Amino acid sequence: MGVSNVTRVVCLLFAGLVVFRFTDLYNTQAAGISICALETVALGLHLRVAFSRRLSAAAKRPYRFTSPALALLIIAGVGFSVAFNTHDRSWGVATVAAVALRTLAVPVLLLGLLSFAAEPMDRRARWKLGMDVATVLGAGAMLMWYLVLGPALQAGGLLDPLRLGAVLFAVGDVVLLVGVGTVLLRGSAVPSRGPLVLMLAGTAGYLVVDTVFLYTMVHDGALHDAVVPTALHLPMFLILLASTVRQETAGGAAAGRRLRRNAWLPYAALAGGFALLVVAAAKAGLFPWLGLVLGALVMTVGVAARQVLASRENYTLVVTDSLTGLANRIQLRGALTAAVDRHRRTGAPVAVLLIDLNGFKQVNDGYGHEVGDQMLVAFADVLRRTVRDADVPARLGGDEFAVVLPGCAEEATQVAERILAACQAPVNLSGHRLELRASIGVAVAQRGGPDAGSVDPNELLHRADLAMYAAKRRGTPSWAEYTADAMDAEQAVPALADDLARAADAGQLRLLYQPIVALESGDLVAVEALVRWQHPTRGLLGPDAFIPLAEQTGLIHGIGGWVLREACRQVGAWQAELPPGRSLHLSVNLSPIQLERPALADEILEVLEREGFDPRALVVEMTESALVDDRSAVPQLERLRARGVRVALDDFGTGYSSLRYLTRLPVDILKLDRCFVADLSGDPERAAVAEAVIRLSQILHMDTVAEGIEDPAQATELTLLGYRTAQGFHFARPLPAGDVEALLHRSAAEWPSLPTALDPAAPRPVAVHG
């Protein structure tokens, strides 16, 4: 017979016993025999678990105490049956044995309950448990004193075996009640709470029946002999069932949940104790006890309510981030564990977002910690507005946030998109208008997935972390969802970083130069140095494949230094061969990470001096995102401009702080982003941004460069708008040094010329802007 069949058979037998109870065949003897039989079956099943070879010693320990307790109860029950059937109320052998064994069963059963594995507790938690148990003890003692002990001692006659037994049993019941309360208060660490819950329910039911029996006996009430055994059927059945459930979960991982600590129990015990005092005082009359008891009750309720409020406040402090008001790591862990447990039981999906604020360090260092804190609070508000009511947003620490989305799968990426969309609007922080930028990693566990039901909270957070770093490597605010490919890519990052660290020394870095031309004549006026990586196994890699990694690892400083040195050396050699009256400028890109380096300006000037390169021929380019930390960037740029180096703002028009930067920062050149160039089609409305930029640059006395020119029509329209210089594939793709040198030496008499904006073959735009 399978183990699961044992439970079915036991339940069927109990159902038959219940039906038998309501037949004419049921009497006192049948009641005694049935409860004895039930206890005997329970003893056999508890012994079966206690000596099972499939269970650990810790799992078997409780049943090695409950088994002898059940044996003592069976023998005591036989003794009571003999005493009742022979009407022997004296100190006979049966009575003495029954009272002694019934009393001894209590501490043994208590040891069994306390042997279930408990949640780990520190010293403070143990003191708290002791005080809560004392409250339960006080309430239980009050109850037993009022119902049994007080009347029994007042009536005297303790030499009567049954009356003395009632006193001993009442004391034992108080002890057992404290044991049940202790288990409920401390919780359990067993994988399945089923067996323990059944044991507690059965023991509690046994206590209720025993208390009613003792009360009736002490107060000399009439109680039919069959009532007590009949009432004990259900509690004993629950104790019996605990052993069968234990066996069902023994062979594998338990499917149930652990028994949580019941913090409400001391308050329930306190309320029960005062309710008993009110009843006793009401019976005694208005004076003196009723008024005193009611006053004490009001004071105690006030103190207890204040303690509850204080406890809630303390709990809020423990599980809440003090700066943002979001959940902290502790509360997030609890919410994620509950959601994952639900996923394991029911298959309900669960998702996690892990979020990192881009550029937070620059803001924190450049504007001060107060502005940094305001940025964290502003982003917390974004999370509150964008997540669902059931979701749990949290701050893990620093600029790292997370959101638990229970019951969410496909919608997780939609939540990520809402967060990024809400971050696009700049926020005002102590007078500074800054943009919130974030990278979001998404990890989902759902029904039917490759590891459905097996993922744990740590693994889900780890996956979200991997996805978040994949999003950060893109270099722009974005989200990425975890996949197996993301795991493979993340594992490959350390090896790629090691290769990148050796790339410059190994001669694997390459420089390409994209020409910048005069729109009207096509004359070559400058080149932009662009770095590539000739990886030994992956081939030629563009900047998107390795620059984000270089920024994360700090290798960008070495790569940036190499690019500047090599470009200055190469362009300096070309400048030395230029015809009289001609010049060639060099543009070099700077990373936001490079601008964090306090000595950057000095290092750039040192390279220029060593290579003999004229600072007035150098343009350093940076995006608006690089200027978030303008307190650090401005001194660096001003020092360079003081020596003649010009500063270009790349991808102009794609940020939200452009005008602010233009009025405060040392910028000489605006580079119109390619996305606005791509919109040009002869339509005045689609050229509005390009026209606004050129007008703005004229007012501020700045130069402009248009990027991404793909066809002659775009070049012509930009020329008519007033742009003087541009770059793009229409003129030339990024060229290796040899091709640029060949272009420069094409003719000693003519300066190199590329396709012009006013090429006769180029189609003219329909609309002409004045």
# chains A, B, ... in the order shown; residues from 1 in each chain; ligands from 1

call {"tool": "residues_around", "arguments": {"residues": "Phe80 (chain A)", "least_positions_apart": "2", "cutoff": "8 Å", "atoms": "only C-alpha atoms", "output": "list in words"}}
result
Ala76, Gly77, Val78, Val82, Ala83, Phe84, Ala94, Thr95 and Ala98 of chain A

call {"tool": "write_last_selection", "arguments": {"atoms": "N, CA and C atoms", "output": "mmCIF file, in the first residue's frame"}}
result
data_model
loop_
_atom_site.group_PDB
_atom_site.id
_atom_site.type_symbol
_atom_site.label_atom_id
_atom_site.label_comp_id
_atom_site.auth_asym_id
_atom_site.auth_seq_id
_atom_site.Cartn_x
_atom_site.Cartn_y
_atom_site.Cartn_z
ATOM 1 N N ALA A 76 -3.323 5.230 30.328
ATOM 2 C CA ALA A 76 -4.124 6.020 31.264
ATOM 3 C C ALA A 76 -5.604 5.897 30.946
ATOM 4 N N GLY A 77 -5.950 5.880 29.654
ATOM 5 C CA GLY A 77 -7.350 5.738 29.261
ATOM 6 C C GLY A 77 -7.925 4.406 29.697
ATOM 7 N N VAL A 78 -7.099 3.347 29.602
ATOM 8 C CA VAL A 78 -7.561 2.035 30.078
ATOM 9 C C VAL A 78 -7.815 2.074 31.580
ATOM 10 N N VAL A 82 -11.405 1.402 33.509
ATOM 11 C CA VAL A 82 -11.606 0.413 34.596
ATOM 12 C C VAL A 82 -12.224 1.090 35.807
ATOM 13 N N ALA A 83 -11.736 2.274 36.162
ATOM 14 C CA ALA A 83 -12.257 2.985 37.335
ATOM 15 C C ALA A 83 -13.712 3.349 37.155
ATOM 16 N N PHE A 84 -14.068 3.841 35.966
ATOM 17 C CA PHE A 84 -15.459 4.238 35.737
ATOM 18 C C PHE A 84 -16.384 3.022 35.687
ATOM 19 N N ALA A 94 -5.888 1.019 39.388
ATOM 20 C CA ALA A 94 -6.254 1.579 38.084
ATOM 21 C C ALA A 94 -6.282 3.105 38.135
ATOM 22 N N THR A 95 -6.828 3.653 39.221
ATOM 23 C CA THR A 95 -6.938 5.113 39.331
ATOM 24 C C THR A 95 -5.570 5.752 39.468
ATOM 25 N N ALA A 98 -3.771 5.576 36.215
ATOM 26 C CA ALA A 98 -4.353 6.487 35.234
ATOM 27 C C ALA A 98 -3.925 7.933 35.490
#

call {"tool": "residues_around", "arguments": {"residues": "Leu549 (chain A)", "least_positions_apart": "6", "cutoff": "9 Å", "atoms": "only C-alpha atoms", "output": "PyMOL selection string"}}
result
chain A and resi 473+493+496-497+500+555-556

call {"tool": "write_last_selection", "arguments": {"atoms": "C-alpha atoms", "output": "short mmCIF file (atom, residue, chain, number, x, y, z; two decimals), in the first residue's frame"}}
result
data_model
loop_
_atom_site.label_atom_id
_atom_site.label_comp_id
_atom_site.auth_asym_id
_atom_site.auth_seq_id
_atom_site.Cartn_x
_atom_site.Cartn_y
_atom_site.Cartn_z
CA ARG A 473 26.65 48.23 -22.04
CA VAL A 493 32.75 40.01 -20.41
CA LEU A 496 36.81 40.42 -23.33
CA ALA A 497 37.95 42.98 -20.75
CA LEU A 500 40.86 44.90 -24.28
CA LEU A 555 40.25 51.15 -19.59
CA ILE A 556 38.78 54.15 -21.43
#

call {"tool": "residues_around", "arguments": {"residues": "Gln508 (chain A)", "least_positions_apart": "3", "cutoff": "12 Å", "atoms": "only C-alpha atoms", "output": "count of residues only"}}
result
21

call {"tool": "atom_distance", "arguments": {"atom1": "CA of Leu429 (chain A)", "atom2": "CA of Glu370 (chain A)"}}
result
9.1 Å

call {"tool": "residues_around", "arguments": {"residues": "region 516-530 of chain A", "least_positions_apart": "5", "cutoff": "9 Å", "atoms": "only C-alpha atoms", "output": "number ranges by chain"}}
result
A: 510-511, 543, 563-564, 567, 571, 582-589, 617, 619, 705, 715-716, 718-719, 723-728, 731-732, 734, 744, 751-758

call {"tool": "write_last_selection", "arguments": {"atoms": "C-alpha atoms", "output": "PDB file, in the first residue's frame"}}
result
ATOM      1  CA  ARG A 510      43.119  51.073 -35.252  1.00  0.00           C
ATOM      2  CA  LEU A 511      42.302  54.677 -36.114  1.00  0.00           C
ATOM      3  CA  PRO A 543      33.115  51.364 -30.777  1.00  0.00           C
ATOM      4  CA  VAL A 563      43.820  57.739 -29.591  1.00  0.00           C
ATOM      5  CA  LEU A 564      44.918  61.308 -28.843  1.00  0.00           C
ATOM      6  CA  ALA A 567      45.907  61.032 -33.995  1.00  0.00           C
ATOM      7  CA  VAL A 571      47.587  64.554 -38.343  1.00  0.00           C
ATOM      8  CA  ARG A 582      45.802  75.375 -46.078  1.00  0.00           C
ATOM      9  CA  SER A 583      44.996  73.875 -42.680  1.00  0.00           C
ATOM     10  CA  LEU A 584      43.686  70.593 -41.324  1.00  0.00           C
ATOM     11  CA  HIS A 585      41.988  70.322 -37.951  1.00  0.00           C
ATOM     12  CA  LEU A 586      41.613  67.228 -35.784  1.00  0.00           C
ATOM     13  CA  SER A 587      38.502  66.220 -33.807  1.00  0.00           C
ATOM     14  CA  VAL A 588      38.821  63.700 -30.976  1.00  0.00           C
ATOM     15  CA  ASN A 589      35.958  62.305 -28.899  1.00  0.00           C
ATOM     16  CA  ALA A 617      43.995  72.762 -34.511  1.00  0.00           C
ATOM     17  CA  VAL A 619      38.668  69.998 -31.317  1.00  0.00           C
ATOM     18  CA  VAL A 705      28.825  70.902 -38.207  1.00  0.00           C
ATOM     19  CA  ALA A 715      23.816  68.606 -48.269  1.00  0.00           C
ATOM     20  CA  THR A 716      22.126  71.183 -50.515  1.00  0.00           C
ATOM     21  CA  LEU A 718      21.737  72.326 -45.179  1.00  0.00           C
ATOM     22  CA  THR A 719      23.831  74.703 -47.272  1.00  0.00           C
ATOM     23  CA  TYR A 723      25.473  75.370 -42.554  1.00  0.00           C
ATOM     24  CA  ARG A 724      29.100  75.651 -43.659  1.00  0.00           C
ATOM     25  CA  THR A 725      30.683  72.317 -42.696  1.00  0.00           C
ATOM     26  CA  ALA A 726      29.424  68.737 -42.585  1.00  0.00           C
ATOM     27  CA  GLN A 727      30.416  65.100 -42.579  1.00  0.00           C
ATOM     28  CA  GLY A 728      28.755  61.889 -43.640  1.00  0.00           C
ATOM     29  CA  PHE A 731      31.349  62.803 -48.684  1.00  0.00           C
ATOM     30  CA  ALA A 732      33.388  59.882 -47.393  1.00  0.00           C
ATOM     31  CA  PRO A 734      35.764  56.741 -42.189  1.00  0.00           C
ATOM     32  CA  LEU A 744      46.027  64.734 -49.488  1.00  0.00           C
ATOM     33  CA  TRP A 751      43.567  70.973 -52.409  1.00  0.00           C
ATOM     34  CA  PRO A 752      41.644  67.679 -51.994  1.00  0.00           C
ATOM     35  CA  SER A 753      37.962  68.099 -52.834  1.00  0.00           C
ATOM     36  CA  LEU A 754      35.079  65.739 -52.052  1.00  0.00           C
ATOM     37  CA  PRO A 755      31.513  65.749 -53.436  1.00  0.00           C
ATOM     38  CA  THR A 756      30.022  69.202 -53.000  1.00  0.00           C
ATOM     39  CA  ALA A 757      26.611  70.241 -51.802  1.00  0.00           C
ATOM     40  CA  LEU A 758      25.896  72.014 -55.075  1.00  0.00           C
TER      41      LEU A 758
END

call {"tool": "residues_around", "arguments": {"residues": "region 457-472 of chain A", "least_positions_apart": "5", "cutoff": "7 Å", "atoms": "only C-alpha atoms", "output": "PyMOL selection string"}}
result
chain A and resi 336-337+340+352-355+439-443+478-482+486-487+490

call {"tool": "closest_residue", "arguments": {"among": "A:Gly165, A:Met131, A:Ala339, A:Ala284", "to": "Tyr267 (chain A)", "atoms": "only C-alpha atoms"}}
result
A:Met131

call {"tool": "closest_residue", "arguments": {"among": "A:Met375, A:Leu38, A:Ala394, A:Leu436", "to": "Phe14 (chain A)", "atoms": "only C-alpha atoms"}}
result
A:Leu38

call {"tool": "residues_around", "arguments": {"residues": "Pro62 (chain A)", "least_positions_apart": "2", "cutoff": "6 Å", "atoms": "only C-alpha atoms", "output": "compact mmCIF listing (two decimals) with N, CA and C atoms, in the first residue's frame"}}
result
# COMPACT_ATOMS: atom_id res chain seq x y z
N LYS A 60 12.65 13.04 12.49
CA LYS A 60 12.05 11.96 13.30
C LYS A 60 11.95 12.31 14.77
N ARG A 64 9.50 10.75 18.08
CA ARG A 64 10.06 9.88 19.12
C ARG A 64 9.64 10.32 20.51
N PHE A 65 9.06 11.53 20.61
CA PHE A 65 8.44 11.97 21.87
C PHE A 65 6.93 11.78 21.85
N GLY A 112 7.69 16.74 22.46
CA GLY A 112 7.45 16.43 21.05
C GLY A 112 7.12 17.68 20.24
N SER A 115 10.14 19.89 19.71
CA SER A 115 11.21 19.27 18.93
C SER A 115 11.12 19.58 17.45
N PHE A 116 9.97 20.13 17.01
CA PHE A 116 9.90 20.55 15.61
C PHE A 116 10.89 21.69 15.40

call {"tool": "closest_residue", "arguments": {"among": "A:Val404, A:Ala125, A:Leu114, A:Val106", "to": "Arg61 (chain A)", "atoms": "only C-alpha atoms"}}
result
A:Leu114

call {"tool": "select_by_dssp", "arguments": {"residues": "region 375-538 of chain A", "states": "strand (DSSP E)", "output": "number ranges by chain"}}
result
A: 392-397, 400-406, 427-429, 432-434, 438-445, 478-481, 509-518, 524-535

call {"tool": "atom_distance", "arguments": {"atom1": "CA of Leu13 (chain A)", "atom2": "CA of Ala231 (chain A)"}}
result
16.6 Å

call {"tool": "residues_around", "arguments": {"residues": "Ile75 (chain A)", "least_positions_apart": "4", "cutoff": "8 Å", "atoms": "only C-alpha atoms", "output": "list of chain:residue names"}}
result
A:Ala71, A:Gly79, A:Ala98, A:Leu101

call {"tool": "write_last_selection", "arguments": {"atoms": "N, CA and C atoms", "output": "PDB file, in the first residue's frame"}}
result
ATOM      1  N   ALA A  71       1.407   6.434  23.968  1.00  0.00           N
ATOM      2  CA  ALA A  71       1.354   5.180  24.725  1.00  0.00           C
ATOM      3  C   ALA A  71       0.898   5.428  26.162  1.00  0.00           C
ATOM      4  N   GLY A  79      -6.921   2.743  32.325  1.00  0.00           N
ATOM      5  CA  GLY A  79      -7.097   2.852  33.772  1.00  0.00           C
ATOM      6  C   GLY A  79      -8.364   3.603  34.129  1.00  0.00           C
ATOM      7  N   ALA A  98      -3.771   5.576  36.215  1.00  0.00           N
ATOM      8  CA  ALA A  98      -4.353   6.487  35.234  1.00  0.00           C
ATOM      9  C   ALA A  98      -3.925   7.933  35.490  1.00  0.00           C
ATOM     10  N   LEU A 101       0.029   8.309  34.882  1.00  0.00           N
ATOM     11  CA  LEU A 101       0.438   8.238  33.481  1.00  0.00           C
ATOM     12  C   LEU A 101      -0.114   9.418  32.673  1.00  0.00           C
TER      13      LEU A 101
END

call {"tool": "closest_residue", "arguments": {"among": "A:Ala268, A:Ala402, A:Leu111, A:Ile669", "to": "Leu332 (chain A)", "atoms": "only C-alpha atoms"}}
result
A:Ala402

call {"tool": "closest_residue", "arguments": {"among": "A:Val444, A:Val175, A:Val371, A:Leu420", "to": "Arg385 (chain A)", "atoms": "only C-alpha atoms"}}
result
A:Leu420

call {"tool": "atom_distance", "arguments": {"atom1": "CA of Gln552 (chain A)", "atom2": "CA of Gln514 (chain A)"}}
result
26.6 Å
